[in-house]
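Colleague: This one is coords_34.txt, compact mmCIF, C-alpha atoms and all ligand atoms.
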```txt
# COMPACT_ATOMS: atom_id res chain seq x y z
CA MET A 293 38.51 -33.67 -18.68
CA GLN A 294 37.74 -30.36 -20.24
CA LEU A 295 35.75 -27.81 -18.31
CA THR A 296 33.14 -25.85 -20.14
CA LEU A 297 31.49 -22.59 -19.20
CA PHE A 298 28.23 -23.70 -20.71
CA SER A 299 25.90 -25.88 -18.76
CA GLN A 300 25.47 -29.33 -20.23
CA PHE A 301 22.34 -29.80 -18.18
CA LYS A 302 18.94 -29.26 -19.81
CA PRO A 303 16.52 -28.18 -17.07
CA LEU A 304 13.23 -28.45 -18.95
CA PRO A 305 13.23 -32.12 -20.00
CA TYR A 306 14.51 -33.01 -16.55
CA ALA A 307 11.75 -30.98 -14.87
CA ARG A 308 9.15 -32.67 -17.06
CA MET A 309 10.40 -36.08 -15.94
CA VAL A 310 10.31 -35.08 -12.25
CA VAL A 311 6.84 -33.51 -12.47
CA ASP A 312 5.34 -36.41 -14.41
CA SER A 313 6.88 -38.91 -12.01
CA LEU A 314 5.92 -37.29 -8.73
CA SER A 315 2.40 -36.38 -9.85
CA GLY A 316 1.80 -39.89 -11.19
CA PRO A 317 -0.29 -42.58 -9.47
CA TYR A 318 2.69 -44.42 -7.97
CA TYR A 319 3.27 -41.54 -5.55
CA GLU A 320 -0.36 -41.58 -4.32
CA GLY A 321 -0.63 -37.78 -4.21
CA ARG A 322 2.40 -37.69 -1.85
CA GLY A 323 0.28 -37.90 1.26
CA TYR A 324 -0.48 -40.22 4.12
CA VAL A 325 -2.31 -43.12 2.53
CA ARG A 326 -0.14 -45.96 1.17
CA GLU A 327 2.94 -43.99 2.28
CA GLY A 328 2.88 -41.70 -0.72
CA ASP A 329 4.99 -39.07 1.01
CA MET A 330 7.64 -41.64 1.89
CA LYS A 331 7.84 -42.91 -1.70
CA ALA A 332 8.30 -39.32 -2.90
CA ALA A 333 11.03 -38.68 -0.32
CA PHE A 334 12.80 -41.79 -1.56
CA PHE A 335 12.58 -40.61 -5.18
CA ILE A 336 14.15 -37.27 -4.22
CA ALA A 337 16.85 -38.89 -2.10
CA SER A 338 17.69 -41.18 -5.03
CA GLU A 339 18.05 -38.22 -7.40
CA MET A 340 20.31 -36.50 -4.88
CA TYR A 341 22.33 -39.66 -4.39
CA LYS A 342 22.92 -39.97 -8.15
CA LEU A 343 24.36 -36.45 -8.06
CA ASN A 344 26.71 -37.46 -5.27
CA LEU A 345 25.31 -34.81 -2.91
CA LYS A 346 26.50 -35.05 0.70
CA ARG A 347 24.63 -35.57 3.93
CA PHE A 348 25.35 -33.33 6.91
CA PRO A 349 27.52 -34.81 9.66
CA LEU A 350 24.77 -34.01 12.18
CA ALA A 351 22.24 -36.03 10.19
CA PRO A 352 22.87 -39.79 10.05
CA THR A 353 21.10 -40.07 6.69
CA PHE A 354 19.59 -37.76 4.05
CA TYR A 355 16.45 -37.80 6.20
CA GLN A 356 15.41 -35.69 9.13
CA ASN A 357 12.46 -37.51 10.66
CA PHE A 358 9.53 -36.01 12.51
CA ASN A 359 6.06 -37.16 13.52
CA PHE A 360 2.71 -35.45 13.47
CA PRO A 361 -0.99 -36.33 13.67
CA VAL A 362 -2.94 -36.53 10.42
CA ASN A 363 -6.46 -37.51 9.41
CA THR A 364 -6.62 -39.91 6.46
CA PHE A 365 -9.22 -41.64 4.26
CA PRO A 366 -7.74 -44.94 3.10
CA TYR A 367 -11.10 -46.51 2.21
CA PRO A 368 -13.53 -45.68 -0.59
CA VAL A 369 -15.98 -42.89 0.28
CA PHE A 370 -19.57 -42.87 -0.89
CA ALA A 371 -22.31 -40.23 -1.00
CA ALA A 372 -25.66 -40.10 -2.81
CA LEU A 373 -28.30 -37.36 -2.82
CA ASP A 374 -31.60 -39.24 -3.06
CA GLU A 375 -30.88 -41.54 -6.02
CA SER A 376 -27.95 -39.64 -7.51
CA TYR A 377 -24.51 -40.91 -6.69
CA LEU A 378 -21.83 -38.23 -6.28
CA LYS A 379 -18.36 -38.54 -7.77
CA PRO A 380 -15.77 -38.39 -5.00
CA GLY A 381 -13.11 -35.73 -5.47
CA ILE A 382 -15.12 -33.95 -8.16
CA GLU A 383 -18.66 -33.57 -6.84
CA PHE A 384 -18.00 -34.12 -3.15
CA VAL A 385 -15.24 -34.63 -0.63
CA PRO A 386 -15.25 -35.32 3.08
CA SER A 387 -13.77 -32.27 4.81
CA PRO A 388 -10.16 -33.07 5.67
CA ALA A 389 -11.06 -33.26 9.39
CA CYS A 390 -14.18 -35.41 8.86
CA PRO A 391 -14.62 -38.41 11.17
CA SER A 392 -16.37 -41.64 10.10
CA ILE A 393 -20.04 -41.48 9.20
CA SER A 394 -22.33 -44.12 7.77
CA GLY A 395 -26.09 -43.96 7.20
CA GLU A 396 -28.97 -42.11 5.63
CA TYR A 397 -29.89 -38.60 6.83
CA ARG A 398 -32.45 -35.96 5.96
CA LEU A 399 -31.21 -32.68 4.51
CA VAL A 400 -32.02 -29.43 6.31
CA TRP A 401 -31.20 -26.19 4.52
CA VAL A 402 -30.10 -23.21 6.57
CA ASP A 403 -30.56 -19.86 4.86
CA SER A 404 -28.70 -16.66 5.47
CA SER A 405 -32.11 -15.07 6.20
CA LEU A 406 -32.18 -17.10 9.39
CA LEU A 407 -29.30 -14.96 10.63
CA TYR A 408 -31.40 -11.81 10.52
CA ASN A 409 -34.30 -13.18 12.45
CA GLU A 410 -33.54 -13.92 16.06
CA THR A 411 -36.92 -15.49 16.86
CA ALA A 412 -36.74 -17.76 13.85
CA PHE A 413 -33.19 -18.66 14.70
CA LYS A 414 -34.10 -19.61 18.28
CA LYS A 415 -37.10 -21.64 17.16
CA PHE A 416 -35.00 -23.40 14.57
CA SER A 417 -32.31 -24.24 17.14
CA LYS A 418 -34.83 -26.01 19.38
CA GLN A 419 -35.37 -28.85 16.91
CA SER A 420 -33.38 -32.06 16.97
CA PHE A 421 -31.05 -32.63 14.06
CA ALA A 422 -29.53 -35.90 15.21
CA ASP A 423 -30.92 -37.57 12.08
CA ALA A 424 -30.04 -34.67 9.77
CA MET A 425 -27.26 -33.01 7.89
CA ILE A 426 -27.45 -29.24 7.78
CA VAL A 427 -26.84 -27.73 4.32
CA MET A 428 -25.20 -24.32 4.22
CA ASP A 429 -24.30 -22.09 1.32
CA GLU A 430 -22.20 -19.02 1.88
CA LYS A 431 -23.15 -17.53 -1.46
CA GLY A 432 -25.35 -14.48 -1.39
CA ILE A 433 -24.19 -13.32 2.01
CA VAL A 434 -22.95 -9.76 1.74
CA GLY A 435 -21.74 -8.24 4.99
CA GLU A 436 -18.62 -9.27 6.85
CA GLU A 437 -20.64 -9.60 10.06
CA GLU A 438 -23.09 -12.00 8.41
CA LYS A 439 -20.23 -13.97 6.95
CA LYS A 440 -18.73 -14.35 10.39
CA VAL A 441 -22.00 -15.53 11.94
CA PHE A 442 -22.53 -17.88 9.04
CA LYS A 443 -19.04 -19.25 9.34
CA ASN A 444 -19.67 -19.86 13.01
CA LEU A 445 -22.61 -22.04 12.06
CA GLY A 446 -19.95 -24.34 10.69
CA TYR A 447 -19.23 -25.26 14.28
CA ASN A 448 -22.49 -27.13 14.34
CA PRO A 449 -24.57 -25.20 16.90
CA PHE A 450 -27.62 -27.33 16.09
CA ALA A 451 -25.89 -30.56 17.10
CA ALA A 452 -26.69 -32.08 13.71
CA LYS A 453 -25.25 -35.37 12.55
CA GLY A 454 -23.21 -33.36 10.11
CA ILE A 455 -22.76 -30.27 7.99
CA ILE A 456 -22.78 -30.00 4.22
CA ARG A 457 -21.01 -26.97 2.80
CA ILE A 458 -21.91 -25.98 -0.75
CA LYS A 459 -18.88 -24.96 -2.81
CA ASP A 460 -18.41 -23.55 -6.29
CA LYS A 461 -15.45 -25.84 -6.73
CA ILE A 462 -14.12 -28.79 -4.78
CA THR A 463 -10.68 -28.31 -3.26
CA TRP A 464 -9.04 -30.28 -0.52
CA SER A 465 -6.38 -29.94 2.17
CA VAL A 466 -4.84 -31.83 5.09
CA ALA A 467 -6.12 -31.85 8.69
CA THR A 468 -4.13 -32.70 11.78
CA ASP A 469 -7.22 -33.24 13.92
CA THR A 470 -10.84 -34.39 13.52
CA LEU A 471 -14.17 -32.63 13.94
CA PRO A 472 -16.70 -33.97 16.45
CA TYR A 473 -19.30 -34.24 13.64
CA ALA A 474 -19.24 -35.17 9.95
CA GLN A 475 -18.63 -32.48 7.37
CA LEU A 476 -18.83 -32.78 3.60
CA ASP A 477 -18.26 -30.33 0.78
CA ILE A 478 -20.58 -30.71 -2.21
CA VAL A 479 -20.26 -28.82 -5.49
CA ARG A 480 -23.10 -26.41 -6.15
CA ASN A 481 -24.35 -27.77 -9.47
CA VAL A 482 -25.20 -31.22 -8.12
CA ILE A 483 -27.22 -30.32 -5.03
CA HIS A 484 -30.75 -28.90 -5.20
CA ARG A 485 -33.44 -27.86 -2.78
CA GLN A 486 -35.55 -30.77 -3.99
CA HIS A 487 -33.08 -33.25 -2.58
CA GLN A 488 -34.52 -34.83 0.56
CA ARG A 489 -31.88 -37.21 1.84
CA ILE A 490 -28.24 -38.10 1.71
CA ARG A 491 -26.76 -41.56 2.02
CA VAL A 492 -23.16 -41.40 3.03
CA GLN A 493 -20.35 -43.73 3.98
CA ILE A 494 -16.99 -42.36 5.06
CA GLN A 495 -14.41 -44.07 7.20
CA ASN A 496 -11.45 -42.08 8.43
CA ASP A 497 -8.20 -43.36 9.88
CA PHE A 498 -6.73 -40.81 12.25
CA LYS A 499 -3.00 -41.39 12.61
CA SER A 500 -1.88 -39.78 15.84
CA SER A 501 1.84 -39.99 15.05
CA TYR A 502 2.60 -40.33 11.35
CA LYS A 503 6.30 -40.50 10.59
CA SER A 504 7.45 -38.15 7.85
CA GLN A 505 10.77 -36.68 6.80
CA ASN A 506 12.70 -33.78 5.32
CA VAL A 507 15.32 -34.73 2.73
CA ILE A 508 18.51 -32.70 3.22
CA THR A 509 21.75 -32.73 1.21
CA TYR A 510 24.45 -30.30 0.14
CA ILE A 511 27.38 -29.53 -2.10
CA PRO A 512 30.38 -28.25 -0.12
CA GLY A 513 31.49 -24.78 -1.21
CA SER A 514 34.89 -24.36 -2.85
CA GLU A 515 35.88 -21.17 -0.99
CA GLU A 516 33.58 -20.69 1.98
CA PRO A 517 32.11 -24.07 2.87
CA ASP A 518 30.78 -22.77 6.20
CA SER A 519 28.40 -20.33 4.52
CA PHE A 520 25.23 -21.73 3.03
CA ILE A 521 22.90 -20.97 0.15
CA VAL A 522 19.72 -23.01 0.67
CA PHE A 523 17.19 -24.12 -1.96
CA SER A 524 14.01 -25.59 -0.59
CA ALA A 525 10.74 -26.99 -1.90
CA HIS A 526 8.04 -29.04 -0.22
CA TYR A 527 7.42 -32.43 -1.80
CA ASP A 528 4.31 -33.48 0.14
CA HIS A 529 0.80 -32.90 -1.19
CA LEU A 530 -2.70 -33.98 -0.13
CA GLY A 531 -2.53 -37.69 -0.76
CA ARG A 532 -5.55 -39.76 -1.66
CA ILE A 533 -9.12 -40.60 -0.68
CA GLY A 534 -9.82 -44.30 -0.98
CA HIS A 535 -8.78 -46.21 -4.07
CA SER A 536 -10.04 -44.01 -6.86
CA VAL A 537 -9.10 -40.46 -5.89
CA TYR A 538 -5.63 -39.00 -5.58
CA PHE A 539 -4.50 -35.40 -5.75
CA PRO A 540 -1.59 -35.21 -8.22
CA GLY A 541 -0.10 -31.91 -7.04
CA ALA A 542 1.86 -31.32 -10.24
CA ASN A 543 2.16 -27.56 -9.78
CA ASP A 544 1.90 -27.82 -5.98
CA ASN A 545 4.66 -28.80 -5.62
CA ALA A 546 6.20 -31.41 -7.92
CA SER A 547 7.21 -28.39 -10.00
CA GLY A 548 9.12 -26.81 -7.11
CA VAL A 549 10.88 -30.09 -6.35
CA ALA A 550 11.82 -30.21 -10.05
CA MET A 551 13.30 -26.70 -9.75
CA MET A 552 15.26 -27.59 -6.63
CA LEU A 553 16.63 -30.79 -8.18
CA ALA A 554 17.42 -28.97 -11.44
CA LEU A 555 19.47 -26.48 -9.42
CA ALA A 556 21.21 -29.41 -7.73
CA HIS A 557 22.12 -30.73 -11.20
CA HIS A 558 23.45 -27.35 -12.24
CA PHE A 559 25.63 -26.79 -9.19
CA SER A 560 26.90 -30.38 -9.31
CA GLN A 561 28.70 -29.75 -12.59
CA PRO A 562 32.44 -29.20 -12.02
CA ALA A 563 32.38 -25.96 -14.04
CA PHE A 564 29.71 -24.50 -11.75
CA LYS A 565 31.00 -25.65 -8.41
CA PRO A 566 29.74 -23.04 -5.98
CA ARG A 567 31.84 -20.76 -3.82
CA TYR A 568 29.54 -21.25 -0.82
CA SER A 569 28.04 -24.53 0.23
CA VAL A 570 24.70 -25.09 -1.47
CA VAL A 571 22.01 -26.94 0.47
CA PHE A 572 18.93 -28.66 -0.92
CA ILE A 573 16.00 -29.35 1.39
CA ALA A 574 12.83 -31.13 0.31
CA PHE A 575 10.36 -30.46 3.11
CA GLY A 576 7.62 -32.83 4.22
CA GLY A 577 4.40 -31.90 6.00
CA GLU A 578 3.99 -28.49 4.36
CA GLU A 579 0.33 -28.94 3.50
CA ALA A 580 -0.34 -30.05 7.07
CA GLY A 581 0.92 -26.68 8.36
CA LEU A 582 4.60 -26.09 7.42
CA ILE A 583 5.51 -28.89 9.80
CA GLY A 584 8.77 -30.05 8.18
CA SER A 585 10.26 -26.58 7.81
CA LYS A 586 9.22 -25.60 11.32
CA ARG A 587 10.91 -28.74 12.55
CA PHE A 588 14.10 -27.88 10.66
CA THR A 589 14.28 -24.37 12.10
CA MET A 590 13.90 -25.84 15.60
CA TYR A 591 16.51 -28.56 15.00
CA PRO A 592 18.75 -27.34 12.18
CA VAL A 593 21.55 -29.66 11.02
CA PHE A 594 23.82 -26.59 10.57
CA PRO A 595 23.52 -23.17 12.24
CA LEU A 596 20.75 -21.00 10.78
CA GLU A 597 23.03 -17.94 11.17
CA LYS A 598 25.28 -19.45 8.52
CA ILE A 599 22.57 -19.19 5.87
CA ARG A 600 23.44 -16.33 3.52
CA LEU A 601 20.28 -16.80 1.50
CA LEU A 602 17.35 -19.21 1.36
CA ILE A 603 15.22 -19.51 -1.77
CA ASN A 604 12.04 -21.53 -1.35
CA VAL A 605 10.15 -22.47 -4.52
CA ASP A 606 6.54 -23.58 -4.83
CA LEU A 607 4.14 -23.52 -7.83
CA MET A 608 6.82 -23.34 -10.54
CA GLY A 609 4.56 -24.53 -13.37
CA GLY A 610 3.32 -21.21 -14.79
CA GLY A 611 5.12 -17.93 -15.21
CA GLU A 612 3.78 -16.23 -18.35
CA ASP A 613 2.86 -13.34 -16.04
CA GLY A 614 6.17 -13.46 -14.19
CA ILE A 615 6.89 -14.29 -10.57
CA THR A 616 5.98 -13.11 -7.08
CA VAL A 617 8.59 -12.91 -4.34
CA VAL A 618 7.15 -13.38 -0.84
CA ASN A 619 9.17 -11.61 1.87
CA GLY A 620 10.56 -9.49 -0.98
CA LYS A 621 9.33 -6.32 0.73
CA GLU A 622 11.62 -7.14 3.64
CA GLN A 623 14.55 -8.28 1.46
CA GLN A 624 15.23 -5.24 -0.70
CA LYS A 625 18.82 -6.17 -1.51
CA ILE A 626 17.62 -9.40 -3.11
CA MET A 627 14.80 -7.59 -4.92
CA GLN A 628 17.18 -5.00 -6.38
CA LEU A 629 19.43 -7.77 -7.69
CA LEU A 630 16.46 -9.61 -9.19
CA HIS A 631 15.22 -6.46 -10.93
CA LYS A 632 18.70 -5.71 -12.24
CA ILE A 633 19.04 -9.23 -13.65
CA ASN A 634 15.65 -8.91 -15.29
CA GLU A 635 16.45 -5.52 -16.80
CA GLU A 636 19.55 -7.01 -18.38
CA LYS A 637 18.15 -10.33 -19.50
CA GLY A 638 14.44 -9.67 -19.88
CA LEU A 639 13.58 -13.20 -18.78
CA LEU A 640 10.41 -12.53 -16.79
CA LYS A 641 7.38 -10.40 -17.55
CA THR A 642 7.20 -8.94 -14.05
CA ILE A 643 8.71 -9.51 -10.62
CA LYS A 644 6.23 -8.66 -7.90
CA GLU A 645 7.03 -8.47 -4.23
CA ARG A 646 4.95 -9.23 -1.14
CA SER A 647 5.44 -9.06 2.62
CA ASN A 648 6.27 -12.18 4.55
CA ALA A 649 3.37 -14.61 5.04
CA PRO A 650 3.09 -18.15 6.44
CA ASN A 651 2.18 -19.53 3.01
CA SER A 652 5.18 -21.79 2.40
CA ASP A 653 8.37 -23.16 3.93
CA HIS A 654 10.45 -19.95 3.87
CA TYR A 655 8.28 -18.55 6.68
CA PHE A 656 9.94 -19.87 9.85
CA PHE A 657 13.38 -19.15 8.41
CA ALA A 658 12.42 -15.53 7.78
CA GLU A 659 10.95 -15.33 11.28
CA ALA A 660 14.29 -16.62 12.63
CA GLY A 661 16.13 -13.79 10.88
CA VAL A 662 17.40 -15.75 7.86
CA PRO A 663 17.45 -13.80 4.56
CA ALA A 664 14.74 -15.94 2.99
CA ILE A 665 12.43 -15.49 0.01
CA PHE A 666 9.68 -17.59 -1.49
CA ILE A 667 9.20 -17.49 -5.26
CA TYR A 668 6.04 -18.65 -7.07
CA THR A 669 5.07 -18.22 -10.71
CA MET A 670 2.04 -16.28 -11.95
CA GLY A 671 -0.12 -17.08 -14.95
CA ALA A 672 -3.30 -18.61 -16.22
CA TYR A 673 -2.90 -21.97 -14.49
CA LYS A 674 -5.54 -22.10 -11.76
CA HIS A 675 -5.72 -25.76 -10.74
CA TYR A 676 -4.99 -25.76 -7.05
CA HIS A 677 -5.57 -28.48 -4.48
CA ASP A 678 -7.87 -30.29 -6.90
CA LEU A 679 -7.79 -33.35 -9.16
CA HIS A 680 -6.85 -31.29 -12.22
CA ASP A 681 -3.43 -30.21 -10.96
CA GLN A 682 -1.89 -32.81 -13.29
CA GLY A 683 1.40 -32.97 -15.16
CA LYS A 684 -0.37 -33.01 -18.51
CA ASN A 685 -2.04 -29.68 -17.72
CA LEU A 686 1.15 -28.01 -16.58
CA GLU A 687 3.13 -26.14 -19.22
CA LEU A 688 6.21 -25.17 -17.18
CA THR A 689 5.98 -21.96 -19.21
CA ALA A 690 8.77 -19.97 -17.57
CA PHE A 691 10.60 -22.81 -15.86
CA GLU A 692 13.89 -22.22 -17.68
CA GLN A 693 13.65 -18.45 -17.24
CA VAL A 694 13.13 -18.79 -13.48
CA PHE A 695 15.93 -21.37 -13.32
CA THR A 696 18.33 -18.98 -15.10
CA THR A 697 17.22 -16.03 -12.95
CA ILE A 698 17.90 -17.97 -9.73
CA ILE A 699 21.36 -19.03 -10.92
CA GLU A 700 22.19 -15.43 -11.89
CA LEU A 701 21.01 -14.27 -8.48
CA ILE A 702 23.27 -16.78 -6.72
CA ASN A 703 26.25 -15.83 -8.90
CA ARG A 704 25.85 -12.16 -8.07
CA TYR A 705 24.74 -12.39 -4.46
ZN ZN B 801 2.61 -25.82 -2.04
```
Give the structure from the file, written as structure tokens.
Ligand SMILES: [Zn+2]

Modeller:
Amino acid sequence: MQLTLFSQFKPLPYARMVVDSLSGPYYEGRGYVREGDMKAAFFIASEMYKLNLKRFPLAPTFYQNFNFPVNTFPYPVFAALDESYLKPGIEFVPSPACPSISGEYRLVWVDSSLLYNETAFKKFSKQSFADAMIVMDEKGIVGEEEKKVFKNLGYNPFAAKGIIRIKDKITWSVATDTLPYAQLDIVRNVIHRQHQRIRVQIQNDFKSSYKSQNVITYIPGSEEPDSFIVFSAHYDHLGRIGHSVYFPGANDNASGVAMMLALAHHFSQPAFKPRYSVVFIAFGGEEAGLIGSKRFTMYPVFPLEKIRLLINVDLMGGGEDGITVVNGKEQQKIMQLLHKINEEKGLLKTIKERSNAPNSDHYFFAEAGVPAIFIYTMGAYKHYHDLHDQGKNLELTAFEQVFTTIIELINRY
């Protein structure tokens, strides 16, 4: 066998395959209905298995299991304003923490002006809203104080059957508990003051102990196998609502999984066998509150002190405006290397840095003292936590450039 110094692996076509697969309907939005997250974990484990990656002796399989509560919507949801039916996922969604609700309710609009008039507010509060849904629109509220009061109205002080929040754009997330009243988000252009009533049918299924998993493998280092470089990316997304709606999560974060697996391909080639052990962790439960990564930092399968560097990737689908490095402010040695690489190679338009923030799976590692950064790409792509975050919309503009930059960083670190 002849060793070559040039990588035989082509990251872009591989990334396209991973993104299109994981954001496709089979994976159910990689959430908690029809075991989408488990199917995605299996896909990743299979890719790792093909590369002959190793499991850690402390972990009996590639999986590290953990359980958490999650609110799900496995059944079709329905809402109609008077006679107009609303499209789920596009024109309305149940709030992630919404409980079941079924029936017809009158609509009661609450204006921001009510906040400025104590007498009116008190009078208003005396009515019964057991047969009503309160409609609230944050738009047009200027002061921070008013915003706060208005936000507090979201806690249903009028004991209404439910709350409708008007949004410019429908986005979704994951809830690990339920509200004591129904809450829907409706997009602004479909709801009008003339609407009198809403008919709604939503049935939730609160799973108090859903079993999820992190997928963890590694390549033993050739010189210092007890020191670890870690690549991580969360594979979970928001899942689905009923039969017709699923959130593809192509950018968030099929693209990051593609980057992590592409790096696994690279370092698996004999010519690029790493000096340190290289670990690959696909985290579950990120969208539900960084649950998988928190779990790992509490029960690591190798000592956290042995991590020389952790690179977490999320939102790898853009990049025409460069990248942002979260926790870069705190990790100046890494930033200097990144800037040096970019000066030499000119791969990325800019490299911005930010302070640490709990916005992805690097967070608990950084808090534990691990040199950890989180890289995301910047650009025009704005589909986030909505139905349009699809593989066909994702250009993977700077995927190869980021891939090359990360490999250079590892080689020089
Ligand atoms: Zn994400």

Colleague: Any idea what the distance is between atom CA of Ile702 of chain A and atom CA of Ala337 of chain A?

Modeller: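 Interatomic distance here is 23.5 Å.
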
Colleague: Enumerate residues in contact with ligand ZN 801 (chain B): an atom-to-atom distance of at most 10 Å, counting only C-alpha atoms and all ligand atoms. Format the result as a list of chain:residue names.

Modeller: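 Counting only what the definition allows, namely only C-alpha atoms and all ligand atoms, the set is A:Ala525, A:His526, A:Tyr527, A:Asp528, A:His529, A:Leu530, A:Gly541, A:Ala542, A:Asn543, A:Asp544, A:Asn545, A:Ala546, A:Ser547, A:Gly548, A:Glu578, A:Glu579, A:Leu582, A:Val605, A:Asp606, A:Leu607, A:Met608, A:Asn651, A:Ser652, A:Asp653, A:Tyr668, A:Tyr676, A:His677.
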
Colleague: Kindly export the residues of the current selection with C-alpha atoms, as an mmCIF file, in the coordinates of the input.

Modeller:
```cif
data_model
loop_
_atom_site.group_PDB
_atom_site.id
_atom_site.type_symbol
_atom_site.label_atom_id
_atom_site.label_comp_id
_atom_site.auth_asym_id
_atom_site.auth_seq_id
_atom_site.Cartn_x
_atom_site.Cartn_y
_atom_site.Cartn_z
ATOM 1 C CA ALA A 525 10.740 -26.990 -1.900
ATOM 2 C CA HIS A 526 8.040 -29.040 -0.220
ATOM 3 C CA TYR A 527 7.420 -32.430 -1.800
ATOM 4 C CA ASP A 528 4.310 -33.480 0.140
ATOM 5 C CA HIS A 529 0.800 -32.900 -1.190
ATOM 6 C CA LEU A 530 -2.700 -33.980 -0.130
ATOM 7 C CA GLY A 541 -0.100 -31.910 -7.040
ATOM 8 C CA ALA A 542 1.860 -31.320 -10.240
ATOM 9 C CA ASN A 543 2.160 -27.560 -9.780
ATOM 10 C CA ASP A 544 1.900 -27.820 -5.980
ATOM 11 C CA ASN A 545 4.660 -28.800 -5.620
ATOM 12 C CA ALA A 546 6.200 -31.410 -7.920
ATOM 13 C CA SER A 547 7.210 -28.390 -10.000
ATOM 14 C CA GLY A 548 9.120 -26.810 -7.110
ATOM 15 C CA GLU A 578 3.990 -28.490 4.360
ATOM 16 C CA GLU A 579 0.330 -28.940 3.500
ATOM 17 C CA LEU A 582 4.600 -26.090 7.420
ATOM 18 C CA VAL A 605 10.150 -22.470 -4.520
ATOM 19 C CA ASP A 606 6.540 -23.580 -4.830
ATOM 20 C CA LEU A 607 4.140 -23.520 -7.830
ATOM 21 C CA MET A 608 6.820 -23.340 -10.540
ATOM 22 C CA ASN A 651 2.180 -19.530 3.010
ATOM 23 C CA SER A 652 5.180 -21.790 2.400
ATOM 24 C CA ASP A 653 8.370 -23.160 3.930
ATOM 25 C CA TYR A 668 6.040 -18.650 -7.070
ATOM 26 C CA TYR A 676 -4.990 -25.760 -7.050
ATOM 27 C CA HIS A 677 -5.570 -28.480 -4.480
#
```

Colleague: Can you tell me which residues surround Met340 of chain A at a distance of at most 10 Å, considering all atoms listed in the file, apart from same-chain residues fewer than 2 positions away, and format the answer as a PyMOL selection string?

Modeller: chain A and resi 334-338+342-347+354+507-510+553+556-557+572

Colleague: Select all residues near (-18.4, -35.0, -11.0) (cut-off 12 Å, inclusive, file coordinates), counting only C-alpha atoms, and output them as a list in words.

Modeller: Ala371, Ser376, Tyr377, Leu378, Lys379, Pro380, Gly381, Ile382, Glu383, Phe384, Val385, Lys461, Ile462, Ile478, Val479, Arg480, Asn481, Val482, Ile483, Val537 and Leu679 of chain A

Colleague: From the list A:Ser504, A:Thr696, A:Gln561, A:Asn648, which residue is nearest Asp329 of chain A when using all atoms listed in the file?

Modeller: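 Closest to Asp329 of chain A, using all atoms listed in the file: A:Ser504.
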
Colleague: Quick one, how far is atom CA of Ile699 of chain A from atom CA of Val570 of chain A?

Modeller: 11.7 Å

Colleague: Fewer than 2 positions away in the same chain doesn't count, so skip those; otherwise give me all residues within 7 Å of segment 468-474 of chain A, counting all atoms listed in the file, as number ranges by chain.

Modeller: A: 361-363, 389-391, 393, 453-455, 466, 476, 580

Colleague: I need the residue nearest Ile626 of chain A from this list: A:Val310, A:Ala451, A:Ile698, A:Val593. Use only C-alpha atoms for the distance.

Modeller: A:Ile698

Colleague: From the list A:Ser392, A:Ser465, A:Ser315, A:Thr642, which residue is nearest Gly683 of chain A when using all atoms listed in the file?

Modeller: A:Ser315

Colleague: Dig up all the protein and nucleic acid residues within 12 Å of (0.1, -40.6, -5.0) in the file frame, using all atoms listed in the file, and format them as number ranges by chain.

Modeller: A: 312-332, 527-542, 546, 679, 682

Colleague: Which one is closest to Lys598 of chain A: A:Ile633, A:Ala563, A:Ile583, A:Ile521? Count only C-alpha atoms.

Modeller: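 Checking each candidate against Lys598 of chain A, we get A:Ile521 as the closest.
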
Colleague: As an exercise, work out the distance from atom CA of Thr697 of chain A to atom CA of Leu639 of chain A in Å and give it to one decimal place.

Modeller: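 Result for atom CA of Thr697 of chain A versus atom CA of Leu639 of chain A: 7.4 Å, one decimal.
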
Colleague: Pick from A:Tyr502, A:Phe348, A:Tyr397, A:Tyr355: nearest to Ala333 of chain A, with all atoms listed in the file counted?

Modeller: A:Tyr355
